[in-house]
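K.L.:
Supplied structure: work-v5.txt, compact mmCIF, C-alpha atoms and all ligand atoms.
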# COMPACT_ATOMS: atom_id res chain seq x y z
CA MET A 1 16.47 -5.70 38.83
CA VAL A 2 16.02 -2.61 36.73
CA ILE A 3 15.81 -3.10 32.97
CA GLY A 4 18.88 -1.76 31.20
CA MET A 5 21.24 -2.06 34.17
CA ARG A 6 24.90 -2.72 33.42
CA ILE A 7 25.42 -6.39 34.28
CA LEU A 8 28.92 -7.85 34.40
CA THR A 9 30.37 -11.21 35.21
CA GLY A 10 33.51 -13.21 34.48
CA LEU A 11 34.29 -16.90 34.11
CA GLN A 12 37.76 -18.33 34.48
CA PRO A 13 39.09 -20.38 31.56
CA SER A 14 40.49 -22.98 33.91
CA GLY A 15 39.28 -26.16 32.17
CA LYS A 16 36.45 -27.79 30.24
CA LEU A 17 32.98 -26.34 30.83
CA HIS A 18 30.97 -28.81 32.93
CA ILE A 19 27.26 -28.99 33.64
CA GLY A 20 27.79 -27.46 37.12
CA ASN A 21 29.31 -24.35 35.48
CA TYR A 22 26.58 -24.37 32.86
CA PHE A 23 23.59 -24.45 35.23
CA GLY A 24 25.31 -22.45 37.99
CA ALA A 25 26.86 -19.67 35.94
CA MET A 26 26.59 -19.71 32.19
CA GLU A 27 22.91 -20.36 31.62
CA PRO A 28 21.78 -17.70 34.18
CA ALA A 29 24.18 -15.16 32.64
CA ILE A 30 22.91 -15.86 29.15
CA ARG A 31 19.33 -15.46 30.35
CA LEU A 32 20.22 -12.03 31.77
CA GLN A 33 21.45 -10.73 28.41
CA GLN A 34 17.78 -10.09 27.57
CA LYS A 35 17.33 -7.77 30.54
CA GLY A 36 20.36 -5.58 30.81
CA ASN A 37 23.41 -4.13 29.25
CA ALA A 38 25.54 -7.22 29.69
CA TYR A 39 29.34 -7.42 29.78
CA TYR A 40 30.76 -10.94 30.05
CA PHE A 41 34.44 -11.66 30.05
CA ILE A 42 36.86 -14.54 30.13
CA ALA A 43 39.01 -14.04 33.20
CA ASN A 44 42.34 -15.20 31.79
CA TYR A 45 44.46 -13.04 34.14
CA HIS A 46 42.69 -14.73 37.04
CA ALA A 47 43.22 -18.20 35.57
CA MET A 48 46.97 -17.47 35.58
CA THR A 49 46.92 -17.79 39.37
CA SER A 50 46.58 -21.55 38.89
CA LEU A 51 47.57 -22.25 35.27
CA HIS A 52 51.08 -21.60 33.99
CA ASP A 53 50.88 -23.26 30.60
CA GLY A 54 50.56 -20.68 27.82
CA ALA A 55 49.20 -23.06 25.19
CA ALA A 56 46.59 -24.43 27.60
CA LEU A 57 45.52 -20.94 28.72
CA ARG A 58 45.13 -19.78 25.10
CA GLU A 59 43.18 -22.91 24.18
CA ASN A 60 40.90 -22.77 27.25
CA THR A 61 40.19 -19.08 26.66
CA ARG A 62 39.11 -19.67 23.09
CA GLU A 63 37.09 -22.75 24.02
CA LEU A 64 35.22 -20.79 26.68
CA ALA A 65 34.36 -18.06 24.16
CA ILE A 66 33.08 -20.74 21.78
CA ASP A 67 31.08 -22.35 24.61
CA PHE A 68 29.45 -19.02 25.47
CA LEU A 69 28.40 -18.52 21.86
CA ALA A 70 27.26 -22.14 21.41
CA CYS A 71 25.18 -21.91 24.59
CA GLY A 72 23.31 -18.87 23.34
CA LEU A 73 25.28 -15.73 24.09
CA ASP A 74 24.21 -13.23 21.45
CA PRO A 75 27.05 -10.81 20.62
CA GLU A 76 24.45 -8.29 19.43
CA LYS A 77 23.01 -8.17 22.94
CA ALA A 78 25.98 -8.85 25.22
CA VAL A 79 29.56 -7.70 25.03
CA ILE A 80 31.93 -10.66 25.31
CA PHE A 81 35.66 -10.11 25.68
CA ARG A 82 38.93 -11.45 27.01
CA GLN A 83 39.98 -9.82 30.27
CA SER A 84 43.53 -9.32 28.96
CA ASP A 85 42.27 -7.39 25.92
CA VAL A 86 41.61 -4.51 28.31
CA PRO A 87 44.95 -4.43 30.16
CA GLU A 88 43.93 -1.11 31.74
CA VAL A 89 42.24 -3.24 34.38
CA ASN A 90 45.68 -3.73 35.92
CA GLU A 91 46.07 0.01 36.34
CA LEU A 92 42.80 0.22 38.21
CA ALA A 93 43.82 -2.81 40.30
CA TRP A 94 46.96 -0.91 41.32
CA ILE A 95 44.98 2.19 42.24
CA LEU A 96 42.56 0.09 44.30
CA SER A 97 45.38 -1.71 46.06
CA THR A 98 46.63 1.64 47.39
CA VAL A 99 43.48 1.90 49.52
CA CYS A 100 43.12 -1.82 50.27
CA PRO A 101 43.96 -2.79 53.85
CA MET A 102 45.97 -6.03 54.16
CA GLY A 103 43.46 -7.38 56.65
CA LEU A 104 40.67 -7.24 54.08
CA LEU A 105 42.55 -9.67 51.84
CA GLU A 106 43.84 -11.79 54.71
CA ARG A 107 40.25 -12.53 55.67
CA CYS A 108 39.22 -13.85 52.24
CA HIS A 109 38.10 -17.51 52.44
CA SER A 110 38.82 -18.25 48.82
CA TYR A 111 42.53 -17.47 49.27
CA LYS A 112 42.75 -19.54 52.44
CA ASP A 113 40.85 -22.44 50.81
CA LYS A 114 43.06 -22.46 47.75
CA VAL A 115 46.24 -22.45 49.82
CA ALA A 116 44.79 -25.29 51.94
CA LYS A 117 44.21 -27.24 48.70
CA GLY A 118 47.90 -26.98 47.90
CA ILE A 119 47.94 -24.08 45.40
CA SER A 120 51.11 -22.07 46.06
CA ALA A 121 50.50 -18.86 47.99
CA ASN A 122 51.79 -16.37 45.42
CA HIS A 123 51.05 -12.66 45.42
CA ALA A 124 48.56 -12.88 42.55
CA LEU A 125 46.47 -15.40 44.45
CA PHE A 126 46.46 -13.09 47.46
CA ALA A 127 45.67 -9.98 45.41
CA TYR A 128 43.06 -11.83 43.29
CA PRO A 129 40.07 -9.99 44.88
CA VAL A 130 41.61 -6.59 44.05
CA LEU A 131 41.85 -7.51 40.38
CA MET A 132 38.30 -8.82 40.55
CA ALA A 133 37.17 -5.51 42.07
CA ALA A 134 38.93 -3.69 39.23
CA ASP A 135 37.12 -5.92 36.69
CA ILE A 136 33.82 -4.85 38.14
CA LEU A 137 34.52 -1.18 38.85
CA LEU A 138 36.22 -0.49 35.51
CA TYR A 139 32.90 -0.88 33.69
CA ASP A 140 30.66 1.04 36.12
CA SER A 141 28.92 -2.30 36.72
CA GLN A 142 25.65 -2.12 38.60
CA LEU A 143 24.77 -5.79 38.95
CA VAL A 144 27.16 -8.73 39.28
CA PRO A 145 25.68 -12.23 39.11
CA VAL A 146 27.99 -14.75 40.80
CA GLY A 147 27.95 -18.04 42.69
CA LYS A 148 27.82 -18.04 46.51
CA ASP A 149 31.56 -18.68 46.67
CA GLN A 150 32.20 -15.19 45.23
CA LYS A 151 30.03 -13.26 47.70
CA GLN A 152 32.95 -12.15 49.86
CA HIS A 153 34.84 -10.87 46.80
CA LEU A 154 31.87 -8.65 46.03
CA GLU A 155 31.98 -7.28 49.56
CA VAL A 156 35.67 -6.45 49.06
CA THR A 157 34.74 -4.74 45.77
CA ARG A 158 32.12 -2.57 47.43
CA ASP A 159 34.48 -1.71 50.31
CA LEU A 160 37.20 -0.61 47.90
CA ALA A 161 34.78 1.47 45.83
CA VAL A 162 33.53 3.23 48.98
CA LYS A 163 37.11 3.93 50.08
CA ILE A 164 38.01 5.44 46.71
CA ASN A 165 34.89 7.58 46.71
CA GLU A 166 35.63 8.79 50.24
CA ALA A 167 39.21 9.60 49.30
CA LEU A 168 38.71 11.05 45.84
CA GLY A 169 35.12 12.18 45.60
CA GLU A 170 31.60 10.78 45.54
CA GLY A 171 30.55 9.15 42.31
CA ILE A 172 34.05 8.43 41.05
CA LEU A 173 33.25 4.72 41.18
CA THR A 174 29.86 3.03 40.91
CA ILE A 175 29.01 0.80 43.87
CA PRO A 176 27.79 -2.51 42.43
CA GLU A 177 25.05 -4.80 43.72
CA VAL A 178 25.61 -8.54 43.89
CA LEU A 179 23.10 -11.02 42.48
CA ILE A 180 23.61 -14.36 44.20
CA LYS A 181 22.03 -17.27 42.45
CA GLU A 182 20.55 -18.75 45.62
CA GLU A 183 18.02 -20.80 43.70
CA THR A 184 20.65 -22.69 41.73
CA ALA A 185 21.08 -26.00 43.43
CA ILE A 186 24.61 -27.30 43.70
CA VAL A 187 25.01 -29.71 40.82
CA PRO A 188 26.44 -33.01 42.11
CA GLY A 189 29.28 -34.75 40.30
CA LEU A 190 29.80 -38.41 39.35
CA ASP A 191 30.68 -39.30 42.94
CA GLY A 192 27.82 -37.34 44.53
CA GLN A 193 30.04 -34.51 45.85
CA LYS A 194 29.72 -30.99 44.39
CA MET A 195 30.71 -31.17 40.73
CA SER A 196 34.08 -29.44 40.38
CA LYS A 197 37.17 -29.55 38.19
CA SER A 198 39.21 -29.91 41.35
CA TYR A 199 37.37 -33.11 42.36
CA ASN A 200 37.72 -34.83 38.99
CA ASN A 201 34.04 -35.74 39.00
CA THR A 202 32.68 -33.59 36.19
CA ILE A 203 30.36 -34.23 33.28
CA PRO A 204 31.43 -31.89 30.46
CA VAL A 205 28.81 -30.05 28.43
CA PHE A 206 30.55 -30.81 25.14
CA GLY A 207 32.54 -33.77 23.90
CA GLU A 208 32.41 -37.08 22.07
CA GLU A 209 29.29 -39.21 22.46
CA LYS A 210 30.88 -42.53 23.50
CA PRO A 211 33.16 -41.34 26.32
CA LEU A 212 30.40 -39.06 27.64
CA ARG A 213 27.90 -41.92 27.77
CA LYS A 214 30.49 -44.05 29.54
CA LEU A 215 30.99 -41.28 32.09
CA ILE A 216 27.27 -41.07 32.89
CA MET A 217 27.14 -44.86 33.25
CA LYS A 218 29.88 -44.48 35.90
CA ILE A 219 27.77 -42.36 38.27
CA VAL A 220 28.09 -43.81 41.75
CA SER A 221 24.93 -45.56 43.01
CA ASP A 222 24.23 -47.94 45.89
CA SER A 223 23.83 -51.72 45.73
CA THR A 224 20.02 -51.97 46.05
CA PRO A 225 18.91 -55.07 44.07
CA VAL A 226 17.00 -54.52 40.81
CA GLU A 227 13.57 -55.55 42.10
CA GLU A 228 13.72 -53.43 45.31
CA PRO A 229 12.54 -49.83 45.68
CA LYS A 230 15.39 -47.29 45.37
CA ASN A 231 16.16 -44.47 47.77
CA ILE A 232 15.12 -41.14 46.27
CA GLU A 233 16.96 -39.06 48.90
CA ASN A 234 20.49 -38.07 47.90
CA SER A 235 20.25 -39.81 44.53
CA THR A 236 22.79 -38.28 42.14
CA ILE A 237 20.93 -39.76 39.18
CA LEU A 238 17.67 -38.06 40.20
CA ALA A 239 19.37 -34.74 41.03
CA LEU A 240 20.97 -34.69 37.60
CA PHE A 241 17.84 -35.87 35.79
CA ARG A 242 15.97 -32.94 37.41
CA LEU A 243 18.16 -30.55 35.44
CA PHE A 244 17.08 -31.92 32.09
CA ALA A 245 13.62 -33.43 32.53
CA ASP A 246 10.23 -31.74 32.63
CA ASP A 247 8.07 -32.23 35.76
CA VAL A 248 6.18 -35.20 34.33
CA ALA A 249 9.29 -37.14 33.31
CA TYR A 250 10.92 -36.35 36.65
CA GLU A 251 7.89 -37.53 38.64
CA GLU A 252 7.80 -40.70 36.57
CA MET A 253 11.39 -41.47 37.46
CA VAL A 254 10.73 -40.77 41.15
CA ASN A 255 7.71 -43.12 41.11
CA SER A 256 9.65 -45.80 39.31
CA PHE A 257 12.47 -45.52 41.89
CA GLN A 258 9.91 -46.03 44.64
CA ALA A 259 8.18 -48.94 42.91
CA GLY A 260 11.35 -50.93 42.23
CA GLY A 261 11.79 -53.38 39.36
CA PHE A 262 14.55 -51.57 37.46
CA GLY A 263 18.30 -51.42 38.04
CA TYR A 264 20.27 -48.15 38.18
CA GLY A 265 21.62 -48.82 34.66
CA HIS A 266 18.11 -48.25 33.32
CA TYR A 267 17.87 -44.81 34.96
CA LYS A 268 21.37 -43.85 33.89
CA GLN A 269 20.36 -44.62 30.31
CA GLN A 270 17.34 -42.30 30.70
CA LEU A 271 19.58 -39.62 32.19
CA TRP A 272 22.04 -40.03 29.33
CA GLU A 273 19.29 -39.57 26.73
CA ALA A 274 17.90 -36.50 28.46
CA TYR A 275 21.37 -34.94 28.82
CA TRP A 276 22.32 -35.67 25.20
CA ALA A 277 19.03 -34.22 23.90
CA HIS A 278 19.28 -31.12 26.11
CA PHE A 279 22.55 -29.97 24.57
CA SER A 280 21.87 -31.13 21.01
CA THR A 281 21.11 -27.68 19.53
CA MET A 282 24.08 -26.18 21.36
CA ARG A 283 26.31 -29.01 20.13
CA GLN A 284 25.23 -28.31 16.58
CA ARG A 285 25.81 -24.59 17.01
CA ARG A 286 29.27 -25.34 18.38
CA GLU A 287 30.13 -27.35 15.28
CA GLU A 288 29.05 -24.43 13.09
CA ILE A 289 31.19 -22.01 15.10
CA LEU A 290 34.19 -24.34 14.91
CA ALA A 291 33.80 -24.53 11.14
CA ASP A 292 34.37 -20.77 10.89
CA PRO A 293 37.30 -19.87 13.20
CA SER A 294 37.30 -16.24 12.09
CA TYR A 295 33.84 -15.76 13.60
CA VAL A 296 35.06 -16.14 17.20
CA ASP A 297 38.06 -13.90 16.52
CA GLU A 298 35.74 -11.27 15.12
CA VAL A 299 33.31 -11.47 18.06
CA LEU A 300 36.16 -11.15 20.57
CA ARG A 301 37.78 -8.30 18.66
CA HIS A 302 34.51 -6.41 18.52
CA GLY A 303 33.80 -7.18 22.20
CA SER A 304 37.15 -5.91 23.37
CA GLU A 305 36.73 -2.69 21.38
CA LYS A 306 33.41 -2.00 23.08
CA ALA A 307 34.74 -2.97 26.50
CA ARG A 308 37.79 -0.79 26.06
CA ALA A 309 35.70 2.21 25.07
CA THR A 310 33.56 1.82 28.21
CA ALA A 311 36.62 1.29 30.40
CA SER A 312 38.42 4.35 29.09
CA VAL A 313 35.65 6.67 30.33
CA VAL A 314 35.93 5.29 33.86
CA LEU A 315 39.70 5.16 33.84
CA ASP A 316 39.88 8.73 32.64
CA ARG A 317 37.68 9.82 35.53
CA ILE A 318 39.79 8.05 38.11
CA ARG A 319 43.14 9.06 36.59
CA ARG A 320 42.11 12.71 36.88
CA ALA A 321 40.89 12.26 40.45
CA THR A 322 44.11 10.54 41.55
CA GLY A 323 46.35 13.14 39.93
CA LEU A 324 47.83 10.65 37.48
CA SER A 325 46.65 12.83 34.62
P1 LIG B 401 35.12 -25.50 39.45
O1 LIG B 401 34.69 -25.79 40.88
O2 LIG B 401 34.80 -26.65 38.55
O3 LIG B 401 36.57 -25.06 39.34
P2 LIG B 401 34.52 -22.72 39.13
O4 LIG B 401 34.91 -22.46 40.55
O5 LIG B 401 35.44 -22.28 38.03
O6 LIG B 401 34.24 -24.30 38.95
O7 LIG B 401 33.07 -22.16 38.90
C1 LIG B 401 32.67 -21.29 37.88
C2 LIG B 401 31.22 -20.96 38.09
O8 LIG B 401 30.40 -22.14 38.02
C3 LIG B 401 30.93 -20.32 39.45
O9 LIG B 401 29.99 -19.26 39.27
C4 LIG B 401 30.29 -21.41 40.28
O10 LIG B 401 29.36 -20.90 41.20
C5 LIG B 401 29.61 -22.27 39.21
N1 LIG B 401 29.65 -23.71 39.62
C6 LIG B 401 30.76 -24.48 39.66
N2 LIG B 401 30.47 -25.73 40.06
C7 LIG B 401 29.14 -25.75 40.32
C8 LIG B 401 28.22 -26.77 40.77
N3 LIG B 401 28.63 -28.01 41.04
N4 LIG B 401 26.92 -26.43 40.91
C9 LIG B 401 26.48 -25.17 40.62
N5 LIG B 401 27.30 -24.17 40.18
C10 LIG B 401 28.61 -24.44 40.03
N1 LIG B 402 36.47 -15.03 40.53
C1 LIG B 402 35.41 -15.46 39.65
C2 LIG B 402 35.26 -16.99 39.72
O1 LIG B 402 36.21 -17.68 40.03
C3 LIG B 402 35.69 -15.03 38.22
C4 LIG B 402 35.75 -13.53 38.11
C5 LIG B 402 36.87 -12.77 37.92
C6 LIG B 402 34.64 -12.64 38.21
N2 LIG B 402 36.53 -11.44 37.86
C7 LIG B 402 35.19 -11.33 38.04
C8 LIG B 402 33.28 -12.82 38.42
C9 LIG B 402 34.36 -10.20 38.09
C10 LIG B 402 32.47 -11.68 38.47
C11 LIG B 402 33.01 -10.38 38.31
O2 LIG B 402 34.18 -17.51 39.42
How does the structure come out when it is put into structure tokens?
Ligand code: ADP
Ligand code: TRP

P.N.:
Amino acid sequence: MVIGMRILTGLQPSGKLHIGNYFGAMEPAIRLQQKGNAYYFIANYHAMTSLHDGAALRENTRELAIDFLACGLDPEKAVIFRQSDVPEVNELAWILSTVCPMGLLERCHSYKDKVAKGISANHALFAYPVLMAADILLYDSQLVPVGKDQKQHLEVTRDLAVKINEALGEGILTIPEVLIKEETAIVPGLDGQKMSKSYNNTIPVFGEEKPLRKLIMKIVSDSTPVEEPKNIENSTILALFRLFADDVAYEEMVNSFQAGGFGYGHYKQQLWEAYWAHFSTMRQRREEILADPSYVDEVLRHGSEKARATASVVLDRIRRATGLS
């Protein structure tokens, strides 16, 4: 990537931040704030496609902002804002939808998957990729880091930007590049499946010590007797320990698995300690942020001002080109 590029990504405030979200999305985004001109937002309009509880949406949105700050987002380096604080994004979504073929949306896996999971097939869920395209295009974003599951939405975004430029003039919209985090392994959950809010198998990043320890002790393992060697393939404990341990500690656990002599409870305790230590500074930072509620409000207010100023330049350009102004 080129230093100074405009980087943008969004996270949905759809529940408690878990370690899959942290390693798969938040930590890589925070690392990128050093390299580019980063815009990170809390996609609360998108979360409305599955959450219809105002109090919960407000609470989750605020919690996610606090999590970002606790995990190291520096508001001097990156702009952080709530999607709905720049409602102009809906205007761009409308403009984009006028050039968006139905077939493009009908082909989107994410829509089909969500409907298959039982989420009701409302219009917002169907039009979700158009709003996502507007999120990206409204800020002249050049680089969009996302998980593999979002790749197709980025293709839709690029298609729509090309169509607008063909219809209204080259350079009206910036065509973004996608940055897929291929190297991020899928973090397994308590039951060994992909960790996900929808599978109820998550380990949150933040929370009370006792229930979190209990959760880690509940990780599913097989029934190999204590003295026997343990299988290192497909071990959820090892895959999770890898995230927190240095190479030496990880190798030691692998060797100990192979040697036998310890039960899984012993390794879960080691995993617990490594997990708890890993987030200790962030936990402390979170407490400090919680102690001063006006700080988050101020960061979000400032972020939305900056985001809005950037958006207005792009919107102005496209409003003129469309004949709206
Ligand atoms: P969930 O599946 O819990 O609803 P989301 O779909 O909201 O999570 O994911 C938000 C971000 O976190 C995405 O960028 C996604 O790629 C990443 N992510 C979610 N779960 C995992 C996981 N188990 N391993 C790695 N990354 C993940
Ligand atoms: N759809 C993304 C997700 O579920 C969140 C999102 C919304 C997003 N708008 C975006 C990500 C724009 C990147 C860019 O993870």

K.L.:
Output the neighbourhood of ligand LIG 401 (chain B) as number ranges by chain, that is, all protein and nucleic acid residues with some atom at most 7 Å from the ligand, counting all atoms listed in the file.

P.N.:
A: 11-12, 14, 20-25, 146-149, 184-189, 194-198

K.L.:
Output the selection as a PDB file, keeping the file's coordinate frame - C-alpha atoms for each residue.

P.N.:
ATOM      1  CA  LEU A  11      34.290 -16.900  34.110  1.00  0.00           C
ATOM      2  CA  GLN A  12      37.760 -18.330  34.480  1.00  0.00           C
ATOM      3  CA  SER A  14      40.490 -22.980  33.910  1.00  0.00           C
ATOM      4  CA  GLY A  20      27.790 -27.460  37.120  1.00  0.00           C
ATOM      5  CA  ASN A  21      29.310 -24.350  35.480  1.00  0.00           C
ATOM      6  CA  TYR A  22      26.580 -24.370  32.860  1.00  0.00           C
ATOM      7  CA  PHE A  23      23.590 -24.450  35.230  1.00  0.00           C
ATOM      8  CA  GLY A  24      25.310 -22.450  37.990  1.00  0.00           C
ATOM      9  CA  ALA A  25      26.860 -19.670  35.940  1.00  0.00           C
ATOM     10  CA  VAL A 146      27.990 -14.750  40.800  1.00  0.00           C
ATOM     11  CA  GLY A 147      27.950 -18.040  42.690  1.00  0.00           C
ATOM     12  CA  LYS A 148      27.820 -18.040  46.510  1.00  0.00           C
ATOM     13  CA  ASP A 149      31.560 -18.680  46.670  1.00  0.00           C
ATOM     14  CA  THR A 184      20.650 -22.690  41.730  1.00  0.00           C
ATOM     15  CA  ALA A 185      21.080 -26.000  43.430  1.00  0.00           C
ATOM     16  CA  ILE A 186      24.610 -27.300  43.700  1.00  0.00           C
ATOM     17  CA  VAL A 187      25.010 -29.710  40.820  1.00  0.00           C
ATOM     18  CA  PRO A 188      26.440 -33.010  42.110  1.00  0.00           C
ATOM     19  CA  GLY A 189      29.280 -34.750  40.300  1.00  0.00           C
ATOM     20  CA  LYS A 194      29.720 -30.990  44.390  1.00  0.00           C
ATOM     21  CA  MET A 195      30.710 -31.170  40.730  1.00  0.00           C
ATOM     22  CA  SER A 196      34.080 -29.440  40.380  1.00  0.00           C
ATOM     23  CA  LYS A 197      37.170 -29.550  38.190  1.00  0.00           C
ATOM     24  CA  SER A 198      39.210 -29.910  41.350  1.00  0.00           C
TER      25      SER A 198
END

K.L.:
May I have the residues within 10 Å of Asn165 in chain A as a ChimeraX atom specification, using all atoms listed in the file and disregarding those fewer than 4 positions away in the same chain?

P.N.:
/A:159-161,169-175,318,321

K.L.:
Any residue with an atom at most 9 Å from ligand LIG 402 (chain B) counts, using all atoms listed in the file. Which are they? Put them as a PyMOL selection string.

P.N.:
chain A and resi 8-12+25+40-47+83+128-129+131-136+144-147+149-150+153-154

K.L.:
From the list A:Leu92, A:Leu143, A:Val156, A:Val226, which residue is nearest Arg319 in chain A when using all atoms listed in the file?

P.N.:
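Checking each of A:Leu92, A:Leu143, A:Val156, A:Val226 against Arg319 in chain A, counting all atoms listed in the file, the winner is A:Leu92.
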
K.L.:
Go ahead and compute the interatomic distance for CA of Lys214 in chain A and CA of Trp272 in chain A, in Å to one decimal.

P.N.:
9.4 Å

K.L.:
Within 7 Å of (23.7, -36.3, 42.7) (file coordinates; all atoms listed in the file), which protein or nucleic acid residues are there? I'd like them as a ChimeraX atom specification.

P.N.:
/A:187-189,192,234-240

K.L.:
For the residues in that selection, give me C-alpha atoms as an mmCIF file, keeping the file's coordinate frame.

P.N.:
data_model
loop_
_atom_site.group_PDB
_atom_site.id
_atom_site.type_symbol
_atom_site.label_atom_id
_atom_site.label_comp_id
_atom_site.auth_asym_id
_atom_site.auth_seq_id
_atom_site.Cartn_x
_atom_site.Cartn_y
_atom_site.Cartn_z
ATOM 1 C CA VAL A 187 25.010 -29.710 40.820
ATOM 2 C CA PRO A 188 26.440 -33.010 42.110
ATOM 3 C CA GLY A 189 29.280 -34.750 40.300
ATOM 4 C CA GLY A 192 27.820 -37.340 44.530
ATOM 5 C CA ASN A 234 20.490 -38.070 47.900
ATOM 6 C CA SER A 235 20.250 -39.810 44.530
ATOM 7 C CA THR A 236 22.790 -38.280 42.140
ATOM 8 C CA ILE A 237 20.930 -39.760 39.180
ATOM 9 C CA LEU A 238 17.670 -38.060 40.200
ATOM 10 C CA ALA A 239 19.370 -34.740 41.030
ATOM 11 C CA LEU A 240 20.970 -34.690 37.600
#

K.L.:
Could you check the closest approach to Glu209 in chain A for each of A:Ser280, A:Gln193, A:Thr310, A:Gln152 and tell me which residue wins, using all atoms listed in the file?

P.N.:
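The shortest atom-to-atom distance to Glu209 in chain A comes from A:Ser280.
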
K.L.:
Taking (32.2, -27.4, 18.0) as a centre in this file's frame and 12 Å as the limit, can you find every polymer residue with an atom that close, using all atoms listed in the file, and give them as JSON, numbers by chain?

P.N.:
{"A": [62, 63, 64, 65, 66, 67, 68, 69, 70, 71, 205, 206, 207, 208, 279, 280, 281, 282, 283, 284, 285, 286, 287, 288, 289, 290, 291, 292, 293, 296]}

K.L.:
Considering all atoms listed in the file, return as a PyMOL selection string whatever protein or nucleic-acid residues lie within 12 Å of Ala249 in chain A, sequence-local ones (same chain, fewer than 6 positions apart) excluded.

P.N.:
chain A and resi 238+241-243+255-256+267+270-271+274

K.L.:
Pick the closest to Lys268 in chain A from A:Arg213, A:Val254, A:Glu305, A:Arg317: which is it, counting only C-alpha atoms?

P.N.:
A:Arg213

K.L.:
Could you check the closest approach to Ser221 in chain A for each of A:Leu190, A:Gln269, A:Phe244, A:Ala309 and tell me which residue wins, using all atoms listed in the file?

P.N.:
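Ranking A:Leu190, A:Gln269, A:Phe244, A:Ala309 by distance to Ser221 in chain A, first place goes to A:Leu190.
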
K.L.:
Give me, as a ChimeraX atom specification, all polymer residues having an atom no more than 10 Å from range 48-50 of chain A, counting all atoms listed in the file and skipping those fewer than 4 positions away in the same chain.

P.N.:
/A:12-14,43-44,54,57,114,119-128

K.L.:
Reconstruct range 163-177 of chain A at the level of N, CA and C atoms, and format the result as a PDB file, in the frame of the given file.

P.N.:
ATOM      1  N   LYS A 163      35.865   3.273  49.638  1.00  0.00           N
ATOM      2  CA  LYS A 163      37.110   3.930  50.080  1.00  0.00           C
ATOM      3  C   LYS A 163      37.615   4.922  49.042  1.00  0.00           C
ATOM      4  N   ILE A 164      37.562   4.524  47.772  1.00  0.00           N
ATOM      5  CA  ILE A 164      38.010   5.440  46.710  1.00  0.00           C
ATOM      6  C   ILE A 164      37.113   6.671  46.668  1.00  0.00           C
ATOM      7  N   ASN A 165      35.814   6.441  46.770  1.00  0.00           N
ATOM      8  CA  ASN A 165      34.890   7.580  46.710  1.00  0.00           C
ATOM      9  C   ASN A 165      35.090   8.519  47.901  1.00  0.00           C
ATOM     10  N   GLU A 166      35.382   7.940  49.063  1.00  0.00           N
ATOM     11  CA  GLU A 166      35.630   8.790  50.240  1.00  0.00           C
ATOM     12  C   GLU A 166      36.917   9.595  50.049  1.00  0.00           C
ATOM     13  N   ALA A 167      37.912   8.931  49.450  1.00  0.00           N
ATOM     14  CA  ALA A 167      39.210   9.600  49.300  1.00  0.00           C
ATOM     15  C   ALA A 167      39.211  10.595  48.146  1.00  0.00           C
ATOM     16  N   LEU A 168      38.550  10.248  47.068  1.00  0.00           N
ATOM     17  CA  LEU A 168      38.710  11.050  45.840  1.00  0.00           C
ATOM     18  C   LEU A 168      37.464  11.801  45.391  1.00  0.00           C
ATOM     19  N   GLY A 169      36.337  11.452  45.968  1.00  0.00           N
ATOM     20  CA  GLY A 169      35.120  12.180  45.600  1.00  0.00           C
ATOM     21  C   GLY A 169      33.983  11.231  45.305  1.00  0.00           C
ATOM     22  N   GLU A 170      32.793  11.610  45.773  1.00  0.00           N
ATOM     23  CA  GLU A 170      31.600  10.780  45.540  1.00  0.00           C
ATOM     24  C   GLU A 170      31.356  10.599  44.050  1.00  0.00           C
ATOM     25  N   GLY A 171      30.931   9.396  43.700  1.00  0.00           N
ATOM     26  CA  GLY A 171      30.550   9.150  42.310  1.00  0.00           C
ATOM     27  C   GLY A 171      31.700   8.817  41.374  1.00  0.00           C
ATOM     28  N   ILE A 172      32.923   8.792  41.916  1.00  0.00           N
ATOM     29  CA  ILE A 172      34.050   8.430  41.050  1.00  0.00           C
ATOM     30  C   ILE A 172      33.859   6.976  40.591  1.00  0.00           C
ATOM     31  N   LEU A 173      33.513   6.120  41.541  1.00  0.00           N
ATOM     32  CA  LEU A 173      33.250   4.720  41.180  1.00  0.00           C
ATOM     33  C   LEU A 173      31.803   4.357  41.495  1.00  0.00           C
ATOM     34  N   THR A 174      31.235   3.484  40.678  1.00  0.00           N
ATOM     35  CA  THR A 174      29.860   3.030  40.910  1.00  0.00           C
ATOM     36  C   THR A 174      29.888   1.842  41.861  1.00  0.00           C
ATOM     37  N   ILE A 175      29.045   1.907  42.910  1.00  0.00           N
ATOM     38  CA  ILE A 175      29.010   0.800  43.870  1.00  0.00           C
ATOM     39  C   ILE A 175      28.086  -0.297  43.321  1.00  0.00           C
ATOM     40  N   PRO A 176      28.627  -1.471  43.057  1.00  0.00           N
ATOM     41  CA  PRO A 176      27.790  -2.510  42.430  1.00  0.00           C
ATOM     42  C   PRO A 176      26.950  -3.297  43.430  1.00  0.00           C
ATOM     43  N   GLU A 177      25.866  -3.877  42.920  1.00  0.00           N
ATOM     44  CA  GLU A 177      25.050  -4.800  43.720  1.00  0.00           C
ATOM     45  C   GLU A 177      25.409  -6.213  43.286  1.00  0.00           C
TER      46      GLU A 177
END
